[in-house]
Amino acid sequence: MTVTSSGYAQRPASPIIVVVGCALKGAQPHIWTLSRAGERAESSRLAIAADERQALATRPLGQDTYQLIGVAEFVDADTSRTIGDRRAVLQPSRVNATGMLAHGRKVGVKGLYIAATPPRINLTSVADLGVSCP
Amino acid sequence: MLAAAAAVALSAVLADVPPTFNGDIAPIFSSKCATCHRTGEAAPMPLITYEDVRPWARAIKARVLAREMPPWFADPKIGRELANNASLTEAQIATIAAWVDAGAPRGTGTLPPGPPRPAVAPEWHRFKNRPPDAIVEMPIDFEIPAEGALPVFTLWAPNPFTEDQFIEAVELRPGIAAAVHHSDVTARTLPPGTVLGRGRAWKGGPLVDFVPVYPDGRSYNEIAAGERDAPPTVLRTETLATTDDNRLLFYVPGGGYQQFPAGAVKRISAGNVLAWSLHYTPTGKPEKDRHRLGLWFARTPHTHEVITKRIGEAHIIEGKEFAAGAGGTGFPVIPPYAEDWKITAITPFQDDVTVYGMWPHMHLRGKDMLFVATYPDGREEVLLNVPRYDFRWQLQYELAEPVHLPAGSTIKAIGHYDNSARNKYNPGPDKPVYWSEQSWDEMFNGWMEISIDRHVIARNPKYTIARPVNDRVSLGIGSGPAGTVYVRDRDGRTVASGPIGTSPSFIEPWTFAAGQTVNTEATGADTGDVTLTVFDVPPDATGTIAIDGKAVAVTTKQPGQNGTLTFEGSALQRVTVHVTGNRMREVTVNLLAANAAGVLTSSSSSAGSFNLPAATLPASGRYVIVIDPSGMNVGTLNVAVTSGR
């Protein structure tokens with residue numbers, strides 16, 4: 001007897017999480033840091049909705065640190081083109097990046113949690129929470 | 001010294017010898033053109049013999065120099081190597097150009113004989129030197145009108161197989177290739193609440209057999225996606241299981257055949273029907289088409305099921321994050337004259353997967369699509385770049401070597417649309433573009449074919465249940481070969497069990513504990529599939545109700561969730577419980593004595609309205625009405641309690 005894959009409730013190896021922290025640009029354009037990160041929680045949705053953003057803005061910072069990867073869709077357009085082969089395949093007018101991931105800003109992020117040292121988040125959503133990190 | 005001089009002279013002579021058809025051109029055409037350019041295929045003329053080719057020589061040169069033929073749009077410089085690369089090399093293009101410039105000479109000698117045509121099913125591929133094990137036909141001949149634009153539509157046919165079939169190669173052949181823009185076949189379940197019958201092929205379309213029909217006579221095909229019923233939510237949003245999971249093959253001219261690496265298969269589940277999705281382009285005369293599907297069954301050990309998945313659990317549109325609805329509904333319109341309208345779709349992989357192929361699907365404004373993987377270590381890799389997307393050629397790009405993406409990876413499809421007048425295929429640059437399956441609207445589908453590495457096709461597998469949001473979980477059991485499903489605690493103690501048989505069954509909610517597992521055990525020799533769905537069960541819906549007061553609505557949202565209503569009653573008071581507006585289908589309603597000391601009266605019914613037998617309350621106190629939907633039923637009903645009678 002075999003069992004189909006649909007509808008199963010299995011613990012994913014890499015869950016989707018949401019966390020608040022301070023965005024810091026790294027030495028390499030494709031890896032950023034989320035410093036002073038607060039408590040992380042698992043999330044069933046990949047995007048940060050407007051009401052969720054408001055709630056995240058009230059969350060306190062913390063002491064944790066994460067590496068942020070998969071940033072090319074969330075940095076500014078110029079930085080996005082420096083990542084991977086994007087400069088070769090995307091003209092400046094075709095870059096589709098939100099710019100929400102900005103150095104020194106308090107942000108809420110969602111993405112795949114990757115157990116590593118330090119832990120990493122492969123981003124699926126970034127929301128600027130309206131303030132710079134103190 | 002003499003030998004060296006002779007060698008130089010010979011080389012010069014060879015370089016001056018023009019290519020000939022028999023010597024140089026025929027092998028190129030045989031390998032890169034003849035798939036389509038032969039009798040009965042989609043191309044307008046055959047290119048097999050010298051007589052076929054000679055009249056077209058100058059046109060052929062122009063088309064190959066412009067890289068318009070053979071149609072192939074993958075970037076040769078960036079991206080993974082592709083197994084079905086149909087493009088010509090620079091050397092092949094130069095050879096064709098030199099041959100035409102030299103007057104397209106036939107050359108001497110005769111063409112080497114091609115491979116012999118097999119006596120059985122000669123038009124089909126020969127996978128592992130054998131014809132298809134089974135050929136399944138579309139259920140009807142579809143009558144294609146001579147003119148006009150036909151929308152994409154689907155015919156649904158019974159599955160001819162009574163057991164699951166695992167497919168290691170598949171081929172889809174239209175009856176009238178010249179009239180088919182593209183088509184595909186998917187093994188899937190009928191839409192809930194429908195049966196196969198006669199109905200509209202599409203809204204305003206002809207009446208045909210083999211479409212899903214609702215009890216009220218409406219055809220599923222003529223109802224917009226947003227008006228259809230949504231299925232109940234399951235415990236974990238399983239992003240890797242969609243209605244397209246069992247797509248068997250996508251046909252385009254020059255395509256329509258696929259084989260999988262050793263161990264990987266497509267599945268046709270016995271419980272599925274075959275959905276034939278069709279996009280016809282009238283040829284100027286009435287035609288009748290009937291597609292056929294060739295299947296090669298797996299004869300070697302197979303471990304992983306290949307599923308088709310659309311990239312796009314998250315979207316970024318024109319520099320802003322966007323939460324799209326199912327099927328892309330809800331995307332903003334593409335404004336008139338937009339030249340580089342941008343959209344990015346992201347799919348995260350929570351488990352290890354293997355990618356076998358990708359392909360873009362857009363419509364007339366589609367401009368380009370890029371497939372990018374981001375690995376858990378942060379590296380980014382372009383897997384496929386299609387810089388000049390062409391709606392006329394819906395090509396599928398098969399990886400020469402499957403790509404492994406570990407858990408924690410994402411894959412992104414980055415695309416652009418040209419709604420300007422510079423797009424020569426644009427039917428209306430002054431118009432906003434909406435989203436639908438019709439070619440005058442748009443779609444954004446970055447398709448990929450993947451398998452989930454830990455979903456191994458195996459007997460009696462065991463799964464660990466993810467932690468739910470609520471304390472309770474329930475389990476839906478689909479039909480399957482005789483067996484039992486067991487829920488066990490971490491220490492092996494059986495918490496619950498339910499039968500697998502010819503009808504679906506259900507395990508009522510139990511209290512979740514970390515480490516609980518679900519596994520299936522067959523009780524006979526039969527093999528096959530069973531689909532298990534674990535539901536996260538919220539607390540029962542509760543409320544109060546007054547005797548002779550207003551009716552109270554009770555709604556349950558997840559299978560296994562009950563409703564309870566309490567009321568205060570007096571000793572010897574005679575009451576009747578009334579149920580109206582029942583949309584739960586079969587449901588049991590019990591009136592319990594105070595402190596749940598027994599059932600005073602009860603009724604089970606699927607009627608829209610019914611009453612429980614009147615009961616006399618034995619004492620003053622609080623009474624409870626329990627609404628218990630049968631099996632996996634959910635929905636709403638209204639309850640009222642009256643006195644007297």
# chains A, B, ... in the order shown; residues from 1 in each chain; ligands from 1
>>> residues_around(residues="segment 566-573 of chain B", least_positions_apart="2", cutoff="12 Å", atoms="only C-alpha atoms", output="ChimeraX atom specification")
/B:541-549,552,563-564,575-577,590-596,614-627,639-645
>>> residues_around(residues="Pro12 of chain A", least_positions_apart="5", cutoff="12 Å", atoms="only C-alpha atoms", output="PyMOL selection string")
(chain A and resi 17+42+44+112-114) or (chain B and resi 236-240+348-352+406-408+452+454+463-467)
>>> atom_distance(atom1="atom CA of Val537 of chain B", atom2="atom CA of Lys550 of chain B")
28.1 Å
>>> residues_around(residues="segment 30-47 of chain B", least_positions_apart="5", cutoff="6 Å", atoms="only C-alpha atoms", output="NGL selection string")
:B and (52-53 or 86 or 177-178 or 253-254)
>>> write_last_selection(atoms="N, CA and C atoms", output="CSV table (one decimal), in the first residue's frame")
chain,number,residue,atom,x,y,z
B,52,ASP,N,12.0,17.9,-50.6
B,52,ASP,CA,11.2,18.7,-49.6
B,52,ASP,C,11.9,20.0,-49.3
B,53,VAL,N,13.2,19.9,-49.2
B,53,VAL,CA,14.0,21.0,-48.6
B,53,VAL,C,14.4,22.1,-49.6
B,86,ALA,N,16.9,22.0,-28.5
B,86,ALA,CA,16.6,21.9,-29.9
B,86,ALA,C,17.4,22.9,-30.7
B,177,ALA,N,-2.7,17.9,-35.4
B,177,ALA,CA,-1.7,18.7,-34.8
B,177,ALA,C,-1.7,20.2,-35.3
B,178,ALA,N,-2.1,20.4,-36.5
B,178,ALA,CA,-2.1,21.8,-37.0
B,178,ALA,C,-3.1,22.7,-36.3
B,253,PRO,N,3.7,22.0,-30.2
B,253,PRO,CA,4.3,21.5,-31.4
B,253,PRO,C,5.8,21.3,-31.2
B,254,GLY,N,6.3,20.2,-31.5
B,254,GLY,CA,7.7,19.8,-31.3
B,254,GLY,C,8.0,19.2,-29.9
>>> residues_around(residues="Leu34 of chain A", least_positions_apart="2", cutoff="12 Å", atoms="only C-alpha atoms", output="ChimeraX atom specification")
/A:18-26,31-32,36-38,40,61-69,71,101-110,118-123,126,133
>>> residues_around(residues="Ile334 of chain B", least_positions_apart="6", cutoff="7 Å", atoms="only C-alpha atoms", output="list of chain:residue names")
B:Trp341, B:Pro432, B:Val433, B:Tyr434
>>> write_last_selection(atoms="N, CA and C atoms", output="PDB file, in the first residue's frame")
ATOM      1  N   TRP B 341       6.605  45.557 -17.446  1.00  0.00           N
ATOM      2  CA  TRP B 341       5.803  45.344 -16.239  1.00  0.00           C
ATOM      3  C   TRP B 341       6.359  44.116 -15.524  1.00  0.00           C
ATOM      4  N   PRO B 432      -5.964  47.966 -20.615  1.00  0.00           N
ATOM      5  CA  PRO B 432      -5.406  47.268 -19.455  1.00  0.00           C
ATOM      6  C   PRO B 432      -5.571  45.767 -19.641  1.00  0.00           C
ATOM      7  N   VAL B 433      -4.663  45.009 -19.081  1.00  0.00           N
ATOM      8  CA  VAL B 433      -4.686  43.554 -19.261  1.00  0.00           C
ATOM      9  C   VAL B 433      -5.081  42.889 -17.952  1.00  0.00           C
ATOM     10  N   TYR B 434      -6.090  42.042 -18.043  1.00  0.00           N
ATOM     11  CA  TYR B 434      -6.570  41.316 -16.871  1.00  0.00           C
ATOM     12  C   TYR B 434      -5.972  39.910 -16.875  1.00  0.00           C
TER      13      TYR B 434
END
>>> atom_distance(atom1="atom CA of Asp184 of chain B", atom2="atom CA of Tyr251 of chain B")
5.7 Å
>>> atom_distance(atom1="atom CA of Arg267 of chain B", atom2="atom CA of Thr410 of chain B")
25.2 Å
>>> select_by_dssp(residues="chain A", states="strand (DSSP E or B)", output="PyMOL selection string")
chain A and resi 2-3+16-24+32-37+41-42+64-69+105-114+120-132
